[in-house]
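Structure file upload.cif (mmCIF, C-alpha atoms) follows.
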```
data_protein
loop_
_atom_site.label_atom_id
_atom_site.label_comp_id
_atom_site.auth_asym_id
_atom_site.auth_seq_id
_atom_site.Cartn_x
_atom_site.Cartn_y
_atom_site.Cartn_z
CA MET A 1 196.50 197.82 176.87
CA ASP A 2 194.00 200.41 175.55
CA GLU A 3 194.76 203.39 173.30
CA PHE A 4 195.60 205.86 176.09
CA ALA A 5 197.66 203.39 178.08
CA SER A 6 199.56 202.60 174.89
CA ILE A 7 200.32 206.28 174.26
CA ARG A 8 201.60 206.66 177.83
CA HIS A 9 203.72 203.52 177.37
CA TRP A 10 205.28 204.90 174.19
CA THR A 11 205.84 208.52 175.25
CA THR A 12 205.98 209.01 179.05
CA GLU A 13 209.26 210.37 180.50
CA ARG A 14 210.87 210.68 177.08
CA GLN A 15 211.40 214.44 177.01
CA GLY A 16 211.42 216.71 180.08
CA GLN A 17 209.12 219.72 180.38
CA ASP A 18 212.00 222.16 180.76
CA TRP A 19 213.65 220.86 177.59
CA GLN A 20 210.36 221.11 175.66
CA ARG A 21 209.85 224.69 176.89
CA ARG A 22 213.18 225.57 175.28
CA ARG A 23 211.67 224.41 171.99
CA GLY A 24 208.72 226.77 172.51
CA VAL A 25 206.27 224.11 173.79
CA VAL A 26 203.54 225.52 176.04
CA THR A 27 201.37 222.37 176.21
CA GLY A 28 202.55 219.01 174.87
CA ILE A 29 201.10 215.50 174.83
CA GLY A 30 197.99 215.05 176.99
CA ASP A 31 195.52 217.71 175.85
CA ASP A 32 193.31 218.14 172.76
CA THR A 33 196.09 219.91 170.85
CA ALA A 34 199.65 220.90 171.43
CA VAL A 35 200.29 224.59 172.09
CA VAL A 36 203.60 226.05 170.93
CA ASP A 37 205.06 229.52 170.71
CA ALA A 38 207.80 229.35 168.07
CA ALA A 39 208.92 232.88 168.95
CA LEU A 40 210.10 231.57 172.35
CA ALA A 41 212.06 228.63 170.95
CA GLU A 42 215.80 228.61 171.58
CA ASP A 43 216.57 227.60 168.01
CA GLY A 44 219.30 230.01 166.95
CA VAL A 45 217.00 231.59 164.35
CA ALA A 46 217.00 235.38 164.38
CA SER A 47 213.66 237.18 164.58
CA PRO A 48 211.55 237.86 162.68
CA LYS A 49 211.17 234.17 161.87
CA ARG A 50 208.78 232.09 159.77
CA LEU A 51 207.20 228.75 160.62
CA LEU A 52 207.99 225.76 158.37
CA LEU A 53 205.58 222.80 158.12
CA ALA A 54 206.24 219.39 156.54
CA VAL A 55 204.49 216.00 156.61
CA ASP A 56 205.59 212.57 155.45
CA THR A 57 204.02 209.11 155.59
CA MET A 58 205.60 205.66 155.69
CA VAL A 59 203.43 202.66 154.75
CA GLU A 60 204.49 199.09 155.36
CA THR A 61 205.21 197.17 152.11
CA VAL A 62 205.40 200.51 150.23
CA HIS A 63 208.25 202.24 152.12
CA PHE A 64 209.62 199.40 154.21
CA LYS A 65 209.36 195.68 154.89
CA GLN A 66 209.68 193.85 158.16
CA SER A 67 212.54 191.85 156.64
CA THR A 68 214.63 194.96 155.84
CA MET A 69 213.79 197.43 158.64
CA ARG A 70 213.74 196.86 162.38
CA ASP A 71 210.90 198.53 164.28
CA ALA A 72 213.21 201.18 165.78
CA ASP A 73 214.60 201.91 162.29
CA VAL A 74 211.07 202.60 161.00
CA GLY A 75 210.47 205.15 163.75
CA TYR A 76 213.85 206.81 163.26
CA LYS A 77 213.49 207.07 159.50
CA ALA A 78 209.89 208.33 159.63
CA LEU A 79 211.05 211.38 161.59
CA ALA A 80 214.37 211.78 159.73
CA ALA A 81 212.60 212.08 156.36
CA ASN A 82 210.56 215.02 157.68
CA ILE A 83 213.52 216.72 159.32
CA SER A 84 215.26 216.57 155.94
CA ASP A 85 212.48 218.69 154.41
CA ILE A 86 213.08 221.36 157.05
CA ALA A 87 216.84 221.19 156.36
CA ALA A 88 216.16 221.72 152.65
CA MET A 89 214.65 225.13 153.48
CA GLY A 90 217.68 226.13 155.56
CA GLY A 91 215.56 225.86 158.70
CA VAL A 92 215.75 224.42 162.21
CA PRO A 93 213.35 221.56 163.14
CA LEU A 94 211.39 222.09 166.35
CA HIS A 95 208.26 219.95 166.86
CA ALA A 96 206.70 216.71 165.61
CA LEU A 97 203.20 215.21 165.58
CA VAL A 98 203.19 211.42 165.12
CA SER A 99 200.21 209.47 163.77
CA VAL A 100 200.30 205.66 163.79
CA SER A 101 197.84 203.11 162.41
CA VAL A 102 198.71 199.87 164.18
CA PRO A 103 197.86 196.36 162.90
CA PRO A 104 197.43 193.36 165.26
CA ALA A 105 200.94 192.03 164.51
CA TYR A 106 202.50 195.07 166.21
CA THR A 107 202.39 194.37 169.95
CA PRO A 108 202.78 197.14 172.55
CA GLU A 109 206.45 196.22 172.90
CA ARG A 110 207.05 196.38 169.16
CA MET A 111 205.47 199.83 169.06
CA ARG A 112 207.58 200.83 172.05
CA LYS A 113 210.66 199.96 169.95
CA LEU A 114 209.31 202.05 167.08
CA TYR A 115 208.99 204.99 169.48
CA ASP A 116 212.52 204.28 170.73
CA GLY A 117 213.70 205.05 167.19
CA LEU A 118 211.48 208.12 166.93
CA TYR A 119 212.79 209.59 170.17
CA GLU A 120 216.39 208.71 169.33
CA CYS A 121 216.09 210.76 166.13
CA ALA A 122 214.22 213.52 167.99
CA GLU A 123 216.97 213.77 170.60
CA ARG A 124 219.70 213.89 167.95
CA TYR A 125 218.07 216.79 166.09
CA GLY A 126 216.42 218.66 168.96
CA VAL A 127 212.80 217.90 168.03
CA ALA A 128 210.02 217.98 170.64
CA ILE A 129 207.36 215.32 170.05
CA VAL A 130 204.17 217.09 171.11
CA GLY A 131 201.25 214.87 170.06
CA GLY A 132 199.66 212.87 167.26
CA ASP A 133 196.98 210.26 166.67
CA THR A 134 196.57 206.51 167.15
CA THR A 135 194.24 204.18 165.23
CA SER A 136 194.05 200.50 164.45
CA SER A 137 194.88 199.10 161.02
CA PRO A 138 193.55 195.87 159.49
CA GLY A 139 196.82 194.98 157.80
CA GLN A 140 199.88 197.18 157.42
CA LEU A 141 201.56 199.63 159.76
CA VAL A 142 201.26 203.31 158.77
CA VAL A 143 203.40 206.04 160.36
CA ALA A 144 202.73 209.67 159.43
CA VAL A 145 204.83 212.47 160.92
CA THR A 146 204.29 216.22 160.76
CA VAL A 147 207.26 218.44 161.65
CA THR A 148 207.46 222.16 162.29
CA GLY A 149 210.55 224.32 162.08
CA THR A 150 211.65 227.92 161.83
CA VAL A 151 213.77 230.00 159.48
CA GLU A 152 214.64 233.68 159.23
CA ALA A 153 211.82 235.54 157.48
CA GLY A 154 212.53 236.03 153.78
CA ARG A 155 215.64 233.83 153.84
CA GLU A 156 214.11 230.40 153.32
CA LEU A 157 215.80 228.43 150.51
CA LEU A 158 213.39 227.44 147.74
CA ARG A 159 213.68 225.28 144.62
CA SER A 160 212.80 228.26 142.44
CA GLY A 161 215.78 230.54 143.05
CA ALA A 162 218.42 229.08 140.70
CA GLN A 163 219.98 231.43 138.12
CA PRO A 164 221.90 230.69 134.89
CA GLY A 165 225.61 230.33 135.62
CA ASP A 166 225.12 228.97 139.14
CA ALA A 167 227.30 226.16 140.43
CA VAL A 168 225.38 222.96 141.22
CA PHE A 169 226.41 221.24 144.46
CA VAL A 170 225.57 218.27 146.64
CA THR A 171 226.37 217.89 150.34
CA GLY A 172 227.26 214.20 150.34
CA ALA A 173 227.53 210.98 148.37
CA VAL A 174 224.38 209.63 146.75
CA GLY A 175 223.23 206.10 145.96
CA LYS A 176 224.25 204.52 149.26
CA SER A 177 220.71 204.03 150.57
CA ALA A 178 219.57 202.31 147.37
CA ALA A 179 222.61 200.04 147.45
CA GLY A 180 221.90 199.25 151.10
CA LEU A 181 218.33 198.28 150.25
CA HIS A 182 219.62 196.07 147.44
CA ALA A 183 221.95 194.31 149.90
CA LEU A 184 219.11 193.82 152.39
CA LEU A 185 216.75 192.40 149.77
CA ALA A 186 219.50 190.09 148.51
CA GLN A 187 219.73 188.58 152.00
CA GLU A 188 215.97 188.52 152.57
CA GLY A 189 215.49 184.90 151.57
CA GLU A 190 218.24 183.72 153.89
CA GLN A 191 216.68 185.14 157.05
CA ARG A 192 214.88 183.15 159.66
CA ALA A 193 211.17 183.92 159.93
CA GLY A 194 210.63 187.33 161.49
CA GLU A 195 214.33 188.14 161.73
CA ARG A 196 215.44 191.66 160.84
CA LEU A 197 218.92 192.40 159.61
CA SER A 198 221.14 194.99 161.29
CA PRO A 199 224.10 196.80 159.71
CA ALA A 200 226.54 194.79 161.86
CA GLU A 201 225.48 191.60 160.09
CA PHE A 202 226.97 192.98 156.86
CA SER A 203 230.37 193.85 158.33
CA GLU A 204 232.17 190.87 156.82
CA THR A 205 231.20 191.89 153.28
CA GLY A 206 231.83 195.61 153.84
CA GLU A 207 228.23 196.61 153.21
CA GLU A 208 227.33 197.77 156.72
CA LEU A 209 227.69 201.47 155.82
CA LEU A 210 225.27 201.03 152.91
CA VAL A 211 222.71 199.26 155.11
CA LEU A 212 223.11 201.93 157.77
CA ALA A 213 222.54 204.65 155.15
CA HIS A 214 219.23 203.00 154.26
CA GLN A 215 217.98 202.20 157.76
CA ARG A 216 219.30 205.26 159.64
CA PRO A 217 219.67 208.24 157.26
CA ASN A 218 221.11 211.51 158.54
CA PRO A 219 219.17 214.62 157.49
CA SER A 220 221.52 217.50 156.64
CA VAL A 221 220.32 220.11 159.13
CA ARG A 222 223.69 221.75 159.81
CA ALA A 223 224.50 221.78 156.10
CA GLY A 224 221.21 223.56 155.41
CA ARG A 225 221.96 226.18 158.04
CA LEU A 226 225.45 226.79 156.65
CA LEU A 227 224.01 227.31 153.17
CA GLN A 228 221.35 229.66 154.53
CA GLU A 229 223.81 231.65 156.65
CA ARG A 230 226.30 232.39 153.84
CA GLY A 231 223.62 233.92 151.60
CA SER A 232 225.07 232.68 148.29
CA CYS A 233 222.86 229.58 147.98
CA ARG A 234 220.05 230.30 145.52
CA SER A 235 218.04 227.06 145.43
CA LEU A 236 217.89 223.91 147.52
CA ASN A 237 216.25 220.48 147.60
CA ASP A 238 216.79 217.28 149.56
CA VAL A 239 217.59 214.02 147.78
CA SER A 240 214.65 211.85 148.79
CA ASP A 241 213.49 210.52 145.40
CA GLY A 242 216.84 210.42 143.59
CA LEU A 243 219.43 212.95 142.41
CA ALA A 244 217.98 213.20 138.88
CA SER A 245 214.43 213.66 140.18
CA GLU A 246 215.43 216.42 142.61
CA ALA A 247 217.49 218.15 139.90
CA TRP A 248 214.42 218.13 137.67
CA GLU A 249 212.37 219.75 140.44
CA ILE A 250 214.87 222.62 140.68
CA ALA A 251 215.07 222.93 136.89
CA GLU A 252 211.29 223.17 136.49
CA ALA A 253 210.79 225.49 139.47
CA SER A 254 213.62 227.81 138.31
CA LYS A 255 212.89 227.48 134.56
CA LEU A 256 216.42 226.58 133.46
CA ARG A 257 218.70 223.59 132.83
CA LEU A 258 220.95 221.76 135.26
CA VAL A 259 224.07 220.18 133.78
CA LEU A 260 225.58 217.51 136.03
CA ASN A 261 229.18 216.47 135.40
CA GLU A 262 229.46 212.69 135.81
CA ALA A 263 233.17 212.99 136.65
CA LEU A 264 232.38 215.20 139.65
CA LEU A 265 229.60 213.10 141.22
CA PRO A 266 230.90 211.89 144.62
CA ARG A 267 231.13 208.11 144.81
CA SER A 268 231.30 206.22 148.07
CA GLY A 269 234.01 203.57 148.16
CA SER A 270 231.65 201.06 149.75
CA LEU A 271 229.06 201.79 147.03
CA ALA A 272 231.58 201.28 144.21
CA ALA A 273 232.87 198.05 145.74
CA TYR A 274 229.39 196.59 146.25
CA ALA A 275 228.21 197.63 142.78
CA ALA A 276 231.24 195.92 141.23
CA ARG A 277 230.61 192.76 143.23
CA VAL A 278 226.96 192.45 142.16
CA GLY A 279 227.51 193.68 138.59
CA ILE A 280 225.35 196.84 138.72
CA ASP A 281 226.31 200.25 137.36
CA PRO A 282 226.53 202.46 140.49
CA LEU A 283 225.35 205.45 138.45
CA GLU A 284 221.85 203.94 138.39
CA TRP A 285 221.65 204.07 142.18
CA MET A 286 223.32 207.49 142.33
CA LEU A 287 220.90 209.14 139.90
CA TYR A 288 217.67 207.30 140.66
CA GLY A 289 217.99 205.52 144.01
CA GLY A 290 216.80 208.18 146.48
CA GLU A 291 216.48 208.28 150.28
CA ASP A 292 220.00 209.68 150.74
CA TYR A 293 218.71 212.91 152.36
CA VAL A 294 221.76 214.94 151.39
CA LEU A 295 221.09 218.37 149.91
CA LEU A 296 221.23 219.32 146.23
CA GLY A 297 221.24 222.97 145.24
CA THR A 298 222.67 225.82 143.24
CA MET A 299 224.75 228.79 144.36
CA ASP A 300 226.71 231.78 143.16
CA SER A 301 229.73 230.16 141.50
CA GLN A 302 232.02 232.93 142.80
CA ASP A 303 231.50 231.70 146.37
CA ALA A 304 231.99 227.99 145.64
CA ASP A 305 235.54 227.73 147.01
CA ASN A 306 234.66 229.66 150.17
CA MET A 307 231.56 227.54 150.70
CA ARG A 308 233.58 224.36 150.35
CA ALA A 309 236.08 225.67 152.90
CA ALA A 310 233.28 226.57 155.35
CA PHE A 311 231.86 223.04 155.10
CA HIS A 312 235.26 221.41 155.53
CA GLU A 313 235.94 223.51 158.65
CA GLU A 314 232.94 221.80 160.24
CA GLY A 315 233.89 218.36 158.94
CA LEU A 316 231.04 218.29 156.42
CA PRO A 317 231.30 217.12 152.79
CA PHE A 318 230.59 219.51 149.92
CA PHE A 319 230.95 218.83 146.20
CA ILE A 320 230.47 221.02 143.13
CA ILE A 321 228.95 218.68 140.54
CA GLY A 322 227.86 220.91 137.64
CA GLU A 323 226.37 224.19 136.55
CA THR A 324 223.13 225.78 135.41
CA GLU A 325 222.39 227.32 132.04
CA GLU A 326 219.58 229.00 130.19
CA GLY A 327 217.23 226.83 128.17
CA GLU A 328 214.18 224.62 128.29
CA PRO A 329 213.87 223.18 131.81
CA GLY A 330 215.65 219.85 132.04
CA VAL A 331 218.60 217.93 133.43
CA VAL A 332 221.68 216.88 131.44
CA LEU A 333 224.47 214.46 132.38
CA ALA A 334 227.81 215.47 130.87
CA SER A 335 230.38 212.70 130.49
CA GLY A 336 233.67 212.12 128.73
CA LYS A 337 237.02 213.84 129.01
CA PRO A 338 236.71 217.65 129.13
CA SER A 339 239.13 219.85 127.21
CA HIS A 340 239.90 222.19 130.11
CA GLY A 341 239.00 222.96 133.68
CA ASP A 342 239.17 225.53 136.46
CA LYS A 343 239.19 225.52 140.25
CA ARG A 344 235.73 223.99 140.35
CA GLY A 345 236.68 221.06 138.11
CA PRO A 346 236.26 220.09 134.46
CA SER A 347 233.97 222.23 132.33
CA THR A 348 230.88 220.51 130.95
CA HIS A 349 230.84 222.44 127.67
CA SER A 350 233.17 220.07 125.80
CA CYS A 351 231.67 216.85 127.25
CA ARG A 352 229.22 214.42 125.67
CA ARG A 353 225.75 215.28 126.95
CA ILE A 354 222.87 212.94 127.73
CA GLU A 355 219.40 214.17 128.60
CA LEU A 356 218.31 212.61 131.89
CA LYS A 357 214.71 211.50 131.98
CA LYS A 358 212.43 212.71 134.73
CA ARG A 359 212.75 209.48 136.64
CA GLY A 360 213.08 208.57 140.31
CA TYR A 361 210.79 207.20 143.01
CA ASN A 362 207.17 208.03 142.19
CA HIS A 363 204.13 206.53 143.94
CA PHE A 364 201.93 206.81 140.88
#
```

Reformat the file's structure so that it appears as structure tokens.
Amino acid sequence: MDEFASIRHWTTERQGQDWQRRRGVVTGIGDDTAVVDAALAEDGVASPKRLLLAVDTMVETVHFKQSTMRDADVGYKALAANISDIAAMGGVPLHALVSVSVPPAYTPERMRKLYDGLYECAERYGVAIVGGDTTSSPGQLVVAVTVTGTVEAGRELLRSGAQPGDAVFVTGAVGKSAAGLHALLAQEGEQRAGERLSPAEFSETGEELLVLAHQRPNPSVRAGRLLQERGSCRSLNDVSDGLASEAWEIAEASKLRLVLNEALLPRSGSLAAYAARVGIDPLEWMLYGGEDYVLLGTMDSQDADNMRAAFHEEGLPFFIIGETEEGEPGVVLASGKPSHGDKRGPSTHSCRRIELKKRGYNHF
């Protein structure tokens, strides 16, 4: 099967022309470039709108291993990671370009499964796959995805908008993906050659939700739109490289300090149980694990209760986990019993403070 036959095998009859037109696609896969008109997209974004662009790459043995990720999981996660970047701007994802470098070990059917995962994620989040590139690779599989999205002009949520006195929030539990990877790697040596573990295979030990969080993350698109719509969110980031790392990015971009209250960090029950079983402090995974793809940000503290209520009305989690303050850019973890509290939880001012190092996933 040559290059063009392979592309047809992976992509034909996946998304109808009428559906793609509703995403603003004029010309999709099959010509030299895709042609889109974002102004025509039925995305719920009020005009005037701005175009968002994000790209992410997954490299075999760097981002995933055949023993821990099934082929469909690789495709799903490659797109999900990009969609998360659009969510972190408060935007709506629209289109994707997919580039694959395929080694001999990946047969046409294996690549078809990878595209099954890509299109499953695309369908879930309303993304039109409109083109890409295909090359051979001498060794490892490489998947690079570029995603476009839209957001109301002038209302995109940046890392640089935090102000002293803001409430710091997160839109879900952190550390689950890292714990899931740990569970997968712990079982790696027990697998038969070429076998890939699914979440269901961890059901007896209660770790299936952790494995699922690692293999099939859920980018927080609706959460990003809620934050953007209310107007009280001042800065936003997605947790891809770890909570501490993303907090540092906001702190440096906004030129202030983020104080995280350890007592307020949301802990998954499955994470706590697994960490206790293997003898690892769950805080390590929560602060430095990454690939959770929940959103971390700051907002006007006066709107915190209303924001929490808005999230809960839609069945979405929302947690206030700290505050911002003036000072040299940095991130602090406050722990210990506070002397008082308010509606948002214990104050960090009377807690023991530990400076968090700028640590998380870093390629170099």

Give as a VMD selection string the residues that the PyMOL selection byres ((chain A and resi 254-261) around 9) matches when applied to the coordinates above. chain A and resid 159 to 164 168 235 247 to 253 262 to 265 321 to 335 346 to 348 351 353

Axis-aligned box over every listed atom of range 224-231 of chain A, padded by 3 Å per side: centre and edges in Å to one decimal, as AutoDock Vina command-line options?
```
--center_x 223.8 --center_y 228.7 --center_z 154.8 --size_x 11.1 --size_y 16.4 --size_z 12.4
```

Can you spell out as a list in words the set of residues that the PyMOL selection byres ((chain A and resi 83) around 9) selects in the structure I just provided?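 Those residues are Ala54, Leu79, Ala80, Ala81, Asn82, Ser84, Asp85, Ile86, Ala87, Ala88, Val92, Pro93, Tyr125, Val127, Val147, Thr148, Gly149, Pro219, Ser220 and Val221 of chain A.
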
Residue by residue, what does the PyMOL selection byres ((chain A and resi 225) around 8) grab here? Present the result as a list of chain:residue names.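 Matching residues under the PyMOL selection byres ((chain A and resi 225) around 8) are A:Ala87, A:Gly90, A:Gly91, A:Val92, A:Val221, A:Arg222, A:Ala223, A:Gly224, A:Leu226, A:Leu227, A:Gln228, A:Glu229.
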
Residues near range 307-314 of chain A, cut-off 9 Å, only C-alpha atoms, skip fewer than 4 positions along chain, as a PyMOL selection string: chain A and resi 171+223+226-227+230+232+303+318-320

I need the residues from that last selection saved to file as a PDB file, in the frame of the given file (with C-alpha atoms), if you can.
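Below is the file selection.pdb, written as the result:
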```pdb
ATOM      1  CA  THR A 171     226.370 217.890 150.340  1.00  0.00           C
ATOM      2  CA  ALA A 223     224.500 221.780 156.100  1.00  0.00           C
ATOM      3  CA  LEU A 226     225.450 226.790 156.650  1.00  0.00           C
ATOM      4  CA  LEU A 227     224.010 227.310 153.170  1.00  0.00           C
ATOM      5  CA  ARG A 230     226.300 232.390 153.840  1.00  0.00           C
ATOM      6  CA  SER A 232     225.070 232.680 148.290  1.00  0.00           C
ATOM      7  CA  ASP A 303     231.500 231.700 146.370  1.00  0.00           C
ATOM      8  CA  PHE A 318     230.590 219.510 149.920  1.00  0.00           C
ATOM      9  CA  PHE A 319     230.950 218.830 146.200  1.00  0.00           C
ATOM     10  CA  ILE A 320     230.470 221.020 143.130  1.00  0.00           C
TER      11      ILE A 320
END
```

Close residues, Arg23 in chain A itself excluded, 8 Å, only C-alpha atoms, min 4 positions apart in chain, as a ChimeraX atom specification: /A:19,38,40-43,94-95,127-128

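Across A:Cys121, A:Val25, A:Ile129, A:Ala78, the tightest approach to Phe64 in chain A is made by A:Ala78 when counting all atoms listed in the file.
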
Shortest interatomic distance to Leu296 in chain A - which of A:Leu181, A:Leu243, A:Val98, A:Val130, counting all atoms listed in the file: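 Of A:Leu181, A:Leu243, A:Val98, A:Val130, the one nearest Leu296 in chain A, counting all atoms listed in the file, is A:Leu243.
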
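For the choices A:Asp2, A:Leu184, A:Gly44, A:Gly126, the atom-to-atom distance to Ser67 in chain A is smallest for A:Leu184 when using only C-alpha atoms.
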
Could you check how far CA of Val151 in chain A sits from CA of Lys49 in chain A, in Å to one decimal? 5.5 Å

I want to know what sits within 12 Å of Arg110 in chain A, based on only C-alpha atoms, with residues of the same chain fewer than 6 positions away left out; could you give that as a ChimeraX atom specification? /A:6,9-10,66,70-75,102-104,116-117,141
